[in-house]
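Pasting structure_15.txt here (compact mmCIF, C-alpha atoms):
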# COMPACT_ATOMS: atom_id res chain seq x y z
CA MET A 1 -217.39 -166.34 -118.14
CA ASP A 2 -216.41 -169.97 -117.58
CA ILE A 3 -217.88 -172.37 -120.12
CA LYS A 4 -219.86 -174.41 -117.58
CA THR A 5 -221.75 -171.32 -116.39
CA ALA A 6 -222.31 -170.16 -119.97
CA ARG A 7 -223.80 -173.52 -120.93
CA GLN A 8 -226.22 -173.49 -118.00
CA GLU A 9 -227.33 -169.92 -118.74
CA VAL A 10 -228.17 -170.92 -122.31
CA ILE A 11 -230.17 -173.95 -121.12
CA ASP A 12 -232.09 -171.80 -118.63
CA ALA A 13 -232.76 -169.15 -121.29
CA GLY A 14 -234.06 -171.71 -123.79
CA ASN A 15 -236.60 -172.95 -121.25
CA MET A 16 -237.57 -169.38 -120.41
CA LEU A 17 -238.12 -168.58 -124.11
CA VAL A 18 -240.75 -171.31 -124.31
CA GLU A 19 -242.33 -170.43 -120.94
CA ARG A 20 -242.77 -166.78 -121.96
CA GLY A 21 -244.18 -167.63 -125.37
CA LEU A 22 -241.33 -165.96 -127.26
CA THR A 23 -240.64 -169.16 -129.17
CA SER A 24 -241.53 -172.85 -129.22
CA ARG A 25 -240.27 -176.22 -130.40
CA THR A 26 -236.91 -175.79 -132.17
CA TRP A 27 -237.49 -172.22 -133.33
CA GLY A 28 -234.94 -169.55 -132.58
CA ASN A 29 -231.58 -169.99 -130.91
CA VAL A 30 -229.66 -168.82 -127.84
CA SER A 31 -225.97 -168.10 -127.24
CA CYS A 32 -223.68 -166.84 -124.50
CA ARG A 33 -220.20 -165.35 -124.89
CA ILE A 34 -217.41 -167.24 -123.14
CA ASP A 35 -214.65 -164.74 -123.91
CA GLU A 36 -213.51 -162.42 -126.71
CA LYS A 37 -212.87 -165.40 -128.98
CA SER A 38 -215.78 -167.81 -128.53
CA PHE A 39 -219.39 -168.43 -127.51
CA VAL A 40 -221.67 -171.41 -126.87
CA ILE A 41 -224.91 -171.79 -128.81
CA THR A 42 -227.87 -174.17 -129.06
CA PRO A 43 -227.46 -177.00 -131.60
CA SER A 44 -229.34 -177.17 -134.87
CA GLY A 45 -232.91 -178.44 -134.90
CA ARG A 46 -233.19 -179.69 -131.30
CA PRO A 47 -236.25 -178.91 -129.12
CA TYR A 48 -235.44 -176.80 -126.05
CA ALA A 49 -237.10 -179.31 -123.74
CA THR A 50 -234.60 -182.01 -124.71
CA LEU A 51 -231.42 -179.91 -124.50
CA THR A 52 -228.72 -180.62 -121.95
CA ALA A 53 -225.65 -178.52 -121.21
CA ASP A 54 -223.28 -180.93 -122.94
CA MET A 55 -225.29 -180.63 -126.19
CA LEU A 56 -224.44 -176.94 -126.59
CA VAL A 57 -221.79 -176.13 -129.18
CA GLU A 58 -218.71 -173.93 -128.75
CA VAL A 59 -218.13 -171.64 -131.75
CA ASP A 60 -215.23 -169.38 -132.72
CA ILE A 61 -216.45 -165.78 -133.14
CA GLU A 62 -214.18 -165.01 -136.10
CA THR A 63 -213.98 -168.26 -138.06
CA LEU A 64 -217.31 -169.88 -137.01
CA ASN A 65 -215.47 -173.17 -136.55
CA HIS A 66 -217.04 -175.32 -133.85
CA LYS A 67 -216.06 -178.09 -131.46
CA GLY A 68 -217.83 -181.41 -131.03
CA GLU A 69 -220.00 -183.73 -133.10
CA LEU A 70 -223.26 -181.77 -132.90
CA LYS A 71 -223.77 -178.97 -135.40
CA PRO A 72 -224.39 -175.49 -134.01
CA SER A 73 -227.49 -173.52 -134.97
CA SER A 74 -227.45 -172.51 -138.61
CA GLU A 75 -227.77 -168.91 -137.36
CA LYS A 76 -224.39 -169.00 -135.59
CA GLY A 77 -223.15 -166.34 -138.00
CA VAL A 78 -225.81 -163.87 -136.88
CA HIS A 79 -224.81 -164.34 -133.23
CA ALA A 80 -221.13 -163.92 -134.13
CA ALA A 81 -221.96 -160.70 -135.98
CA VAL A 82 -223.43 -159.26 -132.77
CA TYR A 83 -220.45 -160.30 -130.66
CA ARG A 84 -218.01 -158.82 -133.19
CA ALA A 85 -219.89 -155.53 -133.47
CA ARG A 86 -220.65 -155.09 -129.77
CA PRO A 87 -217.86 -156.14 -127.35
CA GLU A 88 -220.05 -155.30 -124.33
CA ILE A 89 -222.71 -157.85 -125.38
CA ASN A 90 -222.49 -161.26 -123.71
CA PHE A 91 -225.86 -162.84 -124.51
CA VAL A 92 -227.95 -163.16 -127.70
CA ILE A 93 -231.34 -164.70 -128.41
CA HIS A 94 -232.89 -165.02 -131.82
CA THR A 95 -236.66 -165.37 -131.60
CA HIS A 96 -239.59 -165.74 -133.95
CA GLN A 97 -241.80 -163.84 -131.51
CA THR A 98 -245.15 -162.92 -132.99
CA ASN A 99 -245.38 -159.12 -132.98
CA ALA A 100 -241.77 -158.41 -133.91
CA SER A 101 -241.97 -161.02 -136.68
CA ALA A 102 -245.04 -159.27 -138.09
CA MET A 103 -243.09 -155.99 -138.10
CA SER A 104 -240.21 -157.69 -139.89
CA ALA A 105 -242.39 -158.04 -143.01
CA LEU A 106 -242.95 -154.28 -143.32
CA GLY A 107 -239.62 -153.16 -144.74
CA ASN A 108 -238.57 -150.58 -142.16
CA ALA A 109 -237.01 -149.96 -138.78
CA ILE A 110 -239.14 -149.34 -135.71
CA LYS A 111 -238.50 -145.65 -135.23
CA TYR A 112 -240.86 -144.76 -132.41
CA ILE A 113 -239.64 -146.02 -129.06
CA PRO A 114 -241.39 -144.63 -125.97
CA SER A 115 -238.92 -142.73 -123.81
CA SER A 116 -239.55 -145.12 -120.92
CA MET A 117 -238.25 -148.00 -123.05
CA MET A 118 -235.21 -146.31 -124.55
CA PRO A 119 -232.88 -147.25 -121.67
CA VAL A 120 -233.54 -150.90 -122.51
CA LEU A 121 -234.06 -150.94 -126.28
CA GLY A 122 -232.17 -147.89 -127.47
CA SER A 123 -233.49 -145.05 -129.62
CA ILE A 124 -234.42 -147.14 -132.68
CA ILE A 125 -234.91 -150.80 -133.61
CA PRO A 126 -232.91 -151.27 -136.82
CA TYR A 127 -234.15 -153.30 -139.77
CA ALA A 128 -231.76 -155.82 -141.34
CA GLU A 129 -232.28 -156.43 -145.07
CA TYR A 130 -233.29 -159.89 -146.23
CA GLY A 131 -231.04 -162.91 -146.39
CA LEU A 132 -232.05 -166.55 -146.56
CA PRO A 133 -231.90 -168.35 -143.20
CA GLY A 134 -228.48 -169.68 -142.27
CA THR A 135 -226.63 -167.80 -144.99
CA GLY A 136 -223.69 -165.42 -144.89
CA LYS A 137 -225.90 -162.73 -146.35
CA LEU A 138 -228.26 -162.88 -143.37
CA SER A 139 -225.29 -162.49 -141.00
CA ALA A 140 -223.85 -159.64 -143.06
CA MET A 141 -227.18 -157.80 -143.11
CA ALA A 142 -227.51 -158.15 -139.34
CA GLY A 143 -223.99 -156.86 -138.84
CA ALA A 144 -224.62 -153.89 -141.15
CA ALA A 145 -227.80 -152.99 -139.26
CA LEU A 146 -225.85 -152.80 -136.00
CA LYS A 147 -223.36 -150.20 -137.20
CA ASN A 148 -223.54 -146.87 -135.38
CA SER A 149 -226.48 -148.05 -133.28
CA ASP A 150 -227.14 -148.15 -129.53
CA THR A 151 -229.87 -150.77 -129.97
CA ARG A 152 -230.42 -153.88 -127.86
CA ALA A 153 -232.59 -155.50 -130.56
CA LEU A 154 -233.13 -155.58 -134.29
CA ILE A 155 -235.67 -157.06 -136.68
CA MET A 156 -234.54 -159.21 -139.59
CA SER A 157 -236.54 -158.92 -142.78
CA HIS A 158 -239.24 -161.61 -143.05
CA HIS A 159 -237.44 -163.60 -140.38
CA GLY A 160 -237.87 -162.50 -136.78
CA ALA A 161 -235.99 -160.68 -134.05
CA LEU A 162 -232.50 -160.59 -132.60
CA CYS A 163 -232.26 -159.44 -128.99
CA PHE A 164 -229.09 -159.04 -126.94
CA GLY A 165 -227.65 -157.61 -123.76
CA GLU A 166 -224.89 -157.74 -121.19
CA ASP A 167 -226.53 -160.81 -119.62
CA SER A 168 -229.52 -163.08 -120.07
CA LEU A 169 -231.89 -161.05 -117.89
CA LYS A 170 -231.26 -157.84 -119.82
CA THR A 171 -231.63 -159.73 -123.09
CA PHE A 172 -235.02 -161.09 -122.05
CA GLU A 173 -236.07 -157.60 -121.00
CA SER A 174 -235.22 -156.42 -124.52
CA ALA A 175 -237.22 -159.25 -126.09
CA SER A 176 -240.29 -158.56 -123.94
CA MET A 177 -240.22 -154.83 -124.58
CA LEU A 178 -239.72 -155.43 -128.30
CA GLU A 179 -243.06 -157.29 -128.36
CA GLU A 180 -244.75 -154.38 -126.59
CA VAL A 181 -243.23 -151.82 -128.96
CA SER A 182 -244.14 -153.89 -132.03
CA ALA A 183 -247.77 -154.19 -130.90
CA LEU A 184 -247.81 -150.45 -130.24
CA GLN A 185 -246.69 -149.71 -133.82
CA LEU A 186 -249.46 -151.89 -135.26
CA LEU A 187 -252.21 -150.53 -133.01
CA THR A 188 -251.14 -146.92 -133.57
CA GLN A 189 -251.16 -147.36 -137.34
CA PHE A 190 -254.55 -149.10 -137.14
CA LYS A 191 -256.01 -146.11 -135.31
CA LYS A 192 -254.48 -143.76 -137.87
CA ILE A 193 -255.97 -145.66 -140.83
CA TYR A 194 -259.39 -146.60 -139.45
CA ASP A 195 -259.92 -144.02 -136.69
CA LEU A 196 -260.82 -146.86 -134.32
CA GLU A 197 -259.47 -148.05 -130.99
CA ALA A 198 -258.48 -151.68 -130.41
CA LYS A 199 -257.46 -153.00 -127.01
CA ASP A 200 -255.18 -155.67 -128.50
CA LEU A 201 -254.11 -157.19 -131.82
CA ALA A 202 -256.87 -159.82 -131.86
CA GLU A 203 -259.51 -157.11 -131.58
CA MET A 204 -257.67 -155.13 -134.24
CA ALA A 205 -257.89 -158.12 -136.58
CA ARG A 206 -261.64 -158.48 -135.93
CA LEU A 207 -262.22 -154.78 -136.58
CA ILE A 208 -260.22 -154.86 -139.82
CA ASP A 209 -262.33 -157.80 -140.89
CA ALA A 210 -265.52 -155.92 -140.07
CA GLU A 211 -264.38 -152.77 -141.91
CA GLU A 212 -262.91 -154.44 -144.98
CA ASN A 213 -265.02 -157.52 -145.52
CA SER A 214 -268.22 -158.08 -143.60
CA LYS A 215 -269.03 -154.88 -141.71
CA THR A 216 -269.90 -157.23 -138.86
CA ALA A 217 -267.36 -159.11 -136.81
CA ILE A 218 -267.63 -162.85 -137.49
CA SER A 219 -266.44 -165.61 -135.19
CA GLY A 220 -266.40 -169.38 -135.17
CA ALA A 221 -265.80 -172.25 -132.77
CA ARG A 222 -262.45 -174.06 -132.87
CA VAL A 223 -262.73 -177.73 -133.82
CA THR A 224 -259.99 -180.35 -133.50
CA SER A 225 -259.68 -183.96 -134.57
CA ALA A 226 -257.18 -186.76 -134.04
CA ARG A 227 -256.73 -190.00 -135.94
CA GLN A 228 -257.24 -193.03 -133.69
CA GLY A 229 -256.99 -196.58 -135.00
CA ASP A 230 -259.33 -197.01 -137.97
CA GLY A 231 -261.11 -193.72 -137.31
CA PHE A 232 -260.83 -190.33 -135.70
CA ILE A 233 -262.44 -188.28 -132.94
CA LEU A 234 -263.72 -184.76 -133.60
CA GLU A 235 -264.09 -182.35 -130.65
CA THR A 236 -265.25 -178.78 -130.09
CA GLN A 237 -264.20 -176.24 -127.48
CA GLU A 238 -267.56 -176.73 -125.82
CA GLY A 239 -266.87 -180.43 -125.23
CA GLU A 240 -269.01 -181.91 -127.99
CA SER A 241 -267.47 -184.89 -129.76
CA LEU A 242 -268.08 -187.20 -132.68
CA THR A 243 -266.32 -190.53 -133.27
CA VAL A 244 -266.02 -191.40 -136.97
CA ASN A 245 -265.09 -194.62 -138.77
CA LEU A 246 -262.60 -193.60 -141.42
CA GLN A 247 -263.55 -196.22 -143.99
CA ASN A 248 -267.35 -196.15 -144.01
CA GLY A 249 -267.98 -192.73 -142.45
CA GLN A 250 -270.31 -194.05 -139.78
CA SER A 251 -270.30 -191.94 -136.64
CA GLN A 252 -271.41 -191.78 -133.02
CA GLY A 253 -271.94 -188.63 -130.99
CA ALA A 254 -272.85 -185.04 -131.85
CA GLN A 255 -274.36 -185.32 -135.33
CA ALA A 256 -274.37 -181.53 -135.64
CA LEU A 257 -270.65 -181.96 -136.37
CA ALA A 258 -271.26 -184.26 -139.35
CA ASP A 259 -270.36 -181.73 -142.07
CA GLU A 260 -267.13 -180.80 -140.29
CA ALA A 261 -266.37 -184.50 -139.81
CA ASP A 262 -266.86 -185.17 -143.52
CA LEU A 263 -264.19 -182.59 -144.35
CA HIS A 264 -261.71 -184.01 -141.83
CA ARG A 265 -262.40 -187.53 -143.08
CA ALA A 266 -261.62 -186.48 -146.65
CA VAL A 267 -258.25 -185.11 -145.50
CA TYR A 268 -257.35 -188.20 -143.47
CA LEU A 269 -258.22 -190.53 -146.35
CA LYS A 270 -256.07 -188.58 -148.82
CA ARG A 271 -253.17 -187.71 -146.52
CA PRO A 272 -251.92 -190.65 -144.40
CA ASP A 273 -249.14 -188.36 -143.09
CA ILE A 274 -251.74 -186.21 -141.31
CA ASN A 275 -252.95 -187.47 -137.91
CA ASN A 276 -254.24 -184.27 -136.33
CA ILE A 277 -256.30 -181.34 -137.63
CA ILE A 278 -257.22 -178.00 -136.08
CA HIS A 279 -259.97 -175.95 -137.69
CA SER A 280 -258.81 -172.58 -136.42
CA TYR A 281 -260.90 -169.45 -136.06
CA GLU A 282 -258.21 -167.32 -134.44
CA ALA A 283 -259.02 -163.66 -135.09
CA GLU A 284 -256.06 -162.99 -137.39
CA ILE A 285 -256.65 -166.16 -139.41
CA LEU A 286 -260.39 -165.55 -139.71
CA SER A 287 -259.84 -161.97 -140.83
CA VAL A 288 -257.45 -163.07 -143.57
CA SER A 289 -259.77 -165.88 -144.69
CA ASN A 290 -262.51 -163.31 -145.26
CA PHE A 291 -260.34 -161.55 -147.86
CA GLY A 292 -260.75 -164.69 -149.97
CA LYS A 293 -257.19 -164.58 -151.32
CA ASN A 294 -254.24 -166.95 -151.10
CA LEU A 295 -252.02 -166.14 -148.13
CA LYS A 296 -248.45 -165.63 -149.33
CA PRO A 297 -245.44 -166.22 -147.05
CA GLN A 298 -244.56 -163.01 -145.26
CA LEU A 299 -242.28 -164.93 -142.89
CA ASP A 300 -239.59 -167.56 -143.39
CA ASP A 301 -241.02 -170.04 -140.91
CA PHE A 302 -244.36 -169.98 -142.75
CA ALA A 303 -242.65 -170.95 -146.01
CA GLN A 304 -240.67 -173.66 -144.23
CA ILE A 305 -243.31 -175.28 -142.04
CA VAL A 306 -246.70 -174.45 -143.59
CA GLY A 307 -245.88 -174.30 -147.30
CA ILE A 308 -244.97 -172.04 -150.20
CA ASP A 309 -248.37 -170.36 -149.75
CA CYS A 310 -251.78 -171.06 -148.22
CA PRO A 311 -254.57 -171.17 -150.81
CA CYS A 312 -258.04 -169.91 -149.94
CA VAL A 313 -260.90 -172.21 -150.93
CA LEU A 314 -264.53 -171.21 -151.38
CA THR A 315 -267.17 -173.26 -149.63
CA ASN A 316 -269.72 -175.03 -151.81
CA PRO A 317 -272.77 -176.08 -149.76
CA ALA A 318 -274.48 -177.39 -152.89
CA ASN A 319 -271.63 -179.78 -153.66
CA LYS A 320 -269.61 -180.90 -150.64
CA ARG A 321 -267.59 -183.33 -152.75
CA ASP A 322 -266.24 -180.55 -154.96
CA PHE A 323 -265.47 -178.45 -151.87
CA HIS A 324 -263.53 -181.33 -150.34
CA LYS A 325 -261.61 -181.86 -153.59
CA SER A 326 -260.70 -178.17 -153.66
CA CYS A 327 -259.38 -178.38 -150.10
CA LEU A 328 -257.33 -181.46 -150.90
CA ARG A 329 -255.82 -179.83 -153.99
CA ALA A 330 -254.96 -176.79 -151.90
CA LEU A 331 -253.28 -178.99 -149.26
CA LYS A 332 -251.01 -180.72 -151.76
CA GLY A 333 -247.48 -180.07 -150.53
CA ARG A 334 -248.83 -177.84 -147.74
CA ASN A 335 -250.03 -178.14 -144.15
CA ALA A 336 -252.79 -175.52 -144.08
CA VAL A 337 -255.64 -174.25 -146.21
CA LEU A 338 -257.80 -171.15 -145.74
CA ILE A 339 -261.56 -171.51 -146.13
CA LYS A 340 -263.23 -168.24 -147.10
CA GLY A 341 -264.99 -166.80 -144.09
CA LYS A 342 -264.27 -169.90 -142.02
CA GLY A 343 -260.67 -169.67 -140.85
CA ALA A 344 -258.17 -172.38 -141.74
CA LEU A 345 -257.53 -176.09 -141.49
CA CYS A 346 -254.12 -176.62 -139.87
CA CYS A 347 -252.89 -180.17 -140.36
CA GLY A 348 -249.98 -182.01 -138.78
CA ALA A 349 -248.46 -185.40 -138.06
CA ASN A 350 -249.44 -184.98 -134.41
CA GLU A 351 -251.07 -182.50 -132.05
CA ASP A 352 -247.88 -180.52 -131.47
CA ASP A 353 -247.33 -180.17 -135.22
CA SER A 354 -250.86 -178.94 -135.93
CA LYS A 355 -250.63 -176.44 -133.06
CA ALA A 356 -247.34 -175.15 -134.44
CA ILE A 357 -248.87 -174.79 -137.90
CA GLU A 358 -251.82 -172.91 -136.42
CA GLU A 359 -249.45 -170.61 -134.51
CA ILE A 360 -247.35 -169.85 -137.60
CA THR A 361 -250.42 -169.32 -139.78
CA GLN A 362 -251.81 -166.90 -137.18
CA LYS A 363 -248.49 -165.02 -137.08
CA ASN A 364 -248.25 -164.85 -140.88
CA SER A 365 -251.85 -163.61 -140.97
CA LEU A 366 -250.96 -160.82 -138.55
CA ALA A 367 -248.02 -159.93 -140.79
CA PHE A 368 -250.39 -159.77 -143.77
CA LEU A 369 -252.74 -157.44 -141.87
CA GLY A 370 -249.69 -155.31 -141.09
CA THR A 371 -248.98 -154.97 -144.80
CA LYS A 372 -252.52 -153.60 -145.25
CA LEU A 373 -252.00 -151.07 -142.47
CA PHE A 374 -248.64 -149.82 -143.70
CA ASN A 375 -249.39 -150.17 -147.41
CA PHE A 376 -246.31 -152.34 -147.92
CA TYR A 377 -246.83 -155.73 -149.51
CA GLN A 378 -243.69 -157.63 -150.45
CA PRO A 379 -243.99 -161.35 -149.68
CA ILE A 380 -241.02 -163.70 -149.87
CA LYS A 381 -240.02 -164.54 -153.42
CA PRO A 382 -241.52 -167.85 -154.66
CA LEU A 383 -238.08 -169.30 -155.45
CA HIS A 384 -236.89 -168.55 -151.91
CA ALA A 385 -240.08 -170.00 -150.44
CA ARG A 386 -239.67 -173.23 -152.42
CA LEU A 387 -236.02 -173.53 -151.43
CA MET A 388 -236.78 -173.06 -147.73
CA ARG A 389 -239.65 -175.55 -147.86
CA PHE A 390 -237.41 -178.13 -149.53
CA VAL A 391 -234.57 -177.68 -147.03
CA TYR A 392 -236.95 -177.84 -144.08
CA LEU A 393 -238.58 -181.08 -145.23
CA LYS A 394 -235.26 -182.73 -146.09
CA LYS A 395 -233.23 -181.52 -143.12
CA TYR A 396 -234.67 -179.58 -140.18
CA SER A 397 -237.89 -181.50 -139.67
CA LYS A 398 -235.86 -184.72 -139.43
CA GLU A 399 -233.35 -183.18 -137.01
CA ALA A 400 -236.19 -182.13 -134.72
CA GLN A 401 -237.27 -185.77 -134.42
CA LYS A 402 -233.87 -186.98 -133.15

If you convert what's in this file into structure tokens, what do you get?
Amino acid sequence: MDIKTARQEVIDAGNMLVERGLTSRTWGNVSCRIDEKSFVITPSGRPYATLTADMLVEVDIETLNHKGELKPSSEKGVHAAVYRARPEINFVIHTHQTNASAMSALGNAIKYIPSSMMPVLGSIIPYAEYGLPGTGKLSAMAGAALKNSDTRALIMSHHGALCFGEDSLKTFESASMLEEVSALQLLTQFKKIYDLEAKDLAEMARLIDAEENSKTAISGARVTSARQGDGFILETQEGESLTVNLQNGQSQGAQALADEADLHRAVYLKRPDINNIIHSYEAEILSVSNFGKNLKPQLDDFAQIVGIDCPCVLTNPANKRDFHKSCLRALKGRNAVLIKGKGALCCGANEDDSKAIEEITQKNSLAFLGTKLFNFYQPIKPLHARLMRFVYLKKYSKEAQK
């Protein structure tokens, strides 16, 4: 394929990844083979929406040397491993798609593939053993998982999915079917354990919550807030709002939101780096919050973007000040905190950041529920989590702002 066409196919695929909800922001990476010696790949830490064809980086398949001033994705080695192992493959996408990522925390290959999907995915979805992001070990583990396999996808331990094909359309077909197959594994195991039917993963999370914690499904209304000038505005899904002065706490609007506003105000006063907060009641997050335990990182992007863990704080109606202090302690060095029985506060520098943190916390919560279903609990090692968090804050988060 000529390099101009390859570059455009990668740009188109990056936009399609975001449109289909298979990734967002700078997550994941896309490449296209030029010939037997080289491929082009997305650069490191750049949002898909800002990419242009000339920003893509040409990489040598064998040496991983690259041309140009921009650095290629840190996962270039994983893409090269696919191209080396499978000469017929011309397109690779690495995604952090939700269902496949949850399966990546469970320590095993996906062995049940419906016969109707085998022509696209192959007979098994291999499992690549763990390696830190961007390392030679991660590439080596991906390459080893591909040996003697007819697969068009694999899951990488605690990391996400790698999907590939003869062209971009077939690669996207693999990615979409991988999400379906991953959901099927979780729902089938749920039925086996609980003898209950769930129409989707959100309902599964609510039913697990009801069975394990409350015996009655609990829900809550999503609340968001945004810092504005010397105050902030709190809003609910139903359209209620409350405007709060940050310094004196005086407010105008729906006074029924006063307790929620007090919590957000405490966060804004303590954390000047936070300008947007989502109080999330997504089914997976709510279910995990009802367990009342700290949420450990099951996935790399959680450790990087949310924090080395997500503590769970107990509410204290009798002493709101102590409750607020507990939340603030839990948020130190982190961007989310679970509140027992009340979901999670997801905090970011802006609305996009807080939405990303909510999305990753929801995905990590689904992964945790998967560990309950499959009786396999092996979170990322604390040392690895700390290292990834440090590298993200010092490097990738700054690259994404360029």

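Between atom CA of Asn99 of chain A and atom CA of Ile113 of chain A there is a distance of 14.8 Å.
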
Hey, what's within 7 Å of Thr243 of chain A if we count only C-alpha atoms and toss same-chain stuff fewer than 5 positions away? As a ChimeraX atom specification, please?
-> /A:232-234,251-253

Please tell me which residues are no farther than 10 Å from (-249.2, -165.6, -138.6) in the file, counting all atoms listed in the file, and write them as number ranges by chain.
-> A: 98-99, 101-102, 284-285, 288, 295, 297-299, 301-302, 357-369

Taking (-227.3, -156.5, -125.5) in the file's coordinates as the center, which residues reach within 6 Å of it, counting all atoms listed in the file, put as a VMD selection string?
-> chain A and resid 89 152 164 to 166 171

Check the smallest atom-to-atom distance from each of A:Met156, A:Cys347, A:Ala183, A:Val78 to Gly136 of chain A using all atoms listed in the file, then report the winner.
-> A:Val78

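Nearest residue to Glu75 of chain A among A:Lys37, A:His159, A:Lys270, A:Arg206 is A:His159, counting all atoms listed in the file.
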
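Using all atoms listed in the file for every distance, the candidate list A:Asn90, A:Asn248, A:Ser176, A:Gln97 yields A:Ser176 as the residue closest to Val120 of chain A.
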
Identify, on the basis of only C-alpha atoms, every residue whose closest approach to Ala330 of chain A does not exceed 12 Å; exclude the query and any residue fewer than 4 positions from it along the same chain; express the result as a compact mmCIF listing (two decimals) with C-alpha atoms, in the frame of the given file.
# COMPACT_ATOMS: atom_id res chain seq x y z
CA VAL A 267 -258.25 -185.11 -145.50
CA ASN A 294 -254.24 -166.95 -151.10
CA LEU A 295 -252.02 -166.14 -148.13
CA VAL A 306 -246.70 -174.45 -143.59
CA GLY A 307 -245.88 -174.30 -147.30
CA ILE A 308 -244.97 -172.04 -150.20
CA ASP A 309 -248.37 -170.36 -149.75
CA CYS A 310 -251.78 -171.06 -148.22
CA PRO A 311 -254.57 -171.17 -150.81
CA CYS A 312 -258.04 -169.91 -149.94
CA VAL A 313 -260.90 -172.21 -150.93
CA LEU A 314 -264.53 -171.21 -151.38
CA PHE A 323 -265.47 -178.45 -151.87
CA HIS A 324 -263.53 -181.33 -150.34
CA LYS A 325 -261.61 -181.86 -153.59
CA SER A 326 -260.70 -178.17 -153.66
CA ARG A 334 -248.83 -177.84 -147.74
CA ASN A 335 -250.03 -178.14 -144.15
CA ALA A 336 -252.79 -175.52 -144.08
CA VAL A 337 -255.64 -174.25 -146.21
CA LEU A 338 -257.80 -171.15 -145.74
CA ILE A 339 -261.56 -171.51 -146.13
CA ALA A 344 -258.17 -172.38 -141.74
CA LEU A 345 -257.53 -176.09 -141.49

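Here the question is which of A:Pro382, A:Gly220, A:Glu238, A:Gln250 gets nearest to Gly343 of chain A using only C-alpha atoms, and that residue is A:Gly220.
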
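Residues with any atom within 12 Å of Leu383 of chain A, counting all atoms listed in the file and excluding same-chain neighbours fewer than 4 positions away, are Leu132, Pro297, Ala303, Ile308, Asp309, Pro379, Leu387, Met388, Arg389 and Phe390 of chain A.
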
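Ranking A:Gly134, A:Gly333, A:Gly122, A:Pro87 by their shortest atom-to-atom distance to Pro72 of chain A, with all atoms listed in the file included, puts A:Gly134 first.
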
Among A:Lys4, A:Ala142, A:Met117, A:Thr95, Ala80 of chain A is approached most closely, using all atoms listed in the file, by A:Ala142

Within 8 Å of Leu70 of chain A, counting only C-alpha atoms, which residues show up once you throw out same-chain ones fewer than 4 positions away? Write them as a PyMOL selection string, please.
-> chain A and resi 43-44+55+57

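Near Gly231 of chain A, within 9 Å and counting all atoms listed in the file, sit Ala226, Arg227, Thr243, Val244, Asn245, Leu246, Gln247, Gly249 and Arg265 of chain A, not including residues fewer than 4 positions from it in the same chain.
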
Would you work out the distance separating atom CA of Ala283 of chain A from atom CA of Gly14 of chain A, expressed in Å to one decimal?
-> 28.6 Å

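For the pair atom CA of Ala205 of chain A and atom CA of Ser287 of chain A, the interatomic distance is 6.1 Å.
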
Find the smallest box with edges along x, y and z containing every listed atom of segment 178-188 of chain A, then add 6 Å on each side and report centre and edge lengths in Å to one decimal, as lines of an AutoDock Vina configuration file.
center_x = -246.0
center_y = -152.1
center_z = -130.9
size_x = 24.5
size_y = 22.4
size_z = 20.7
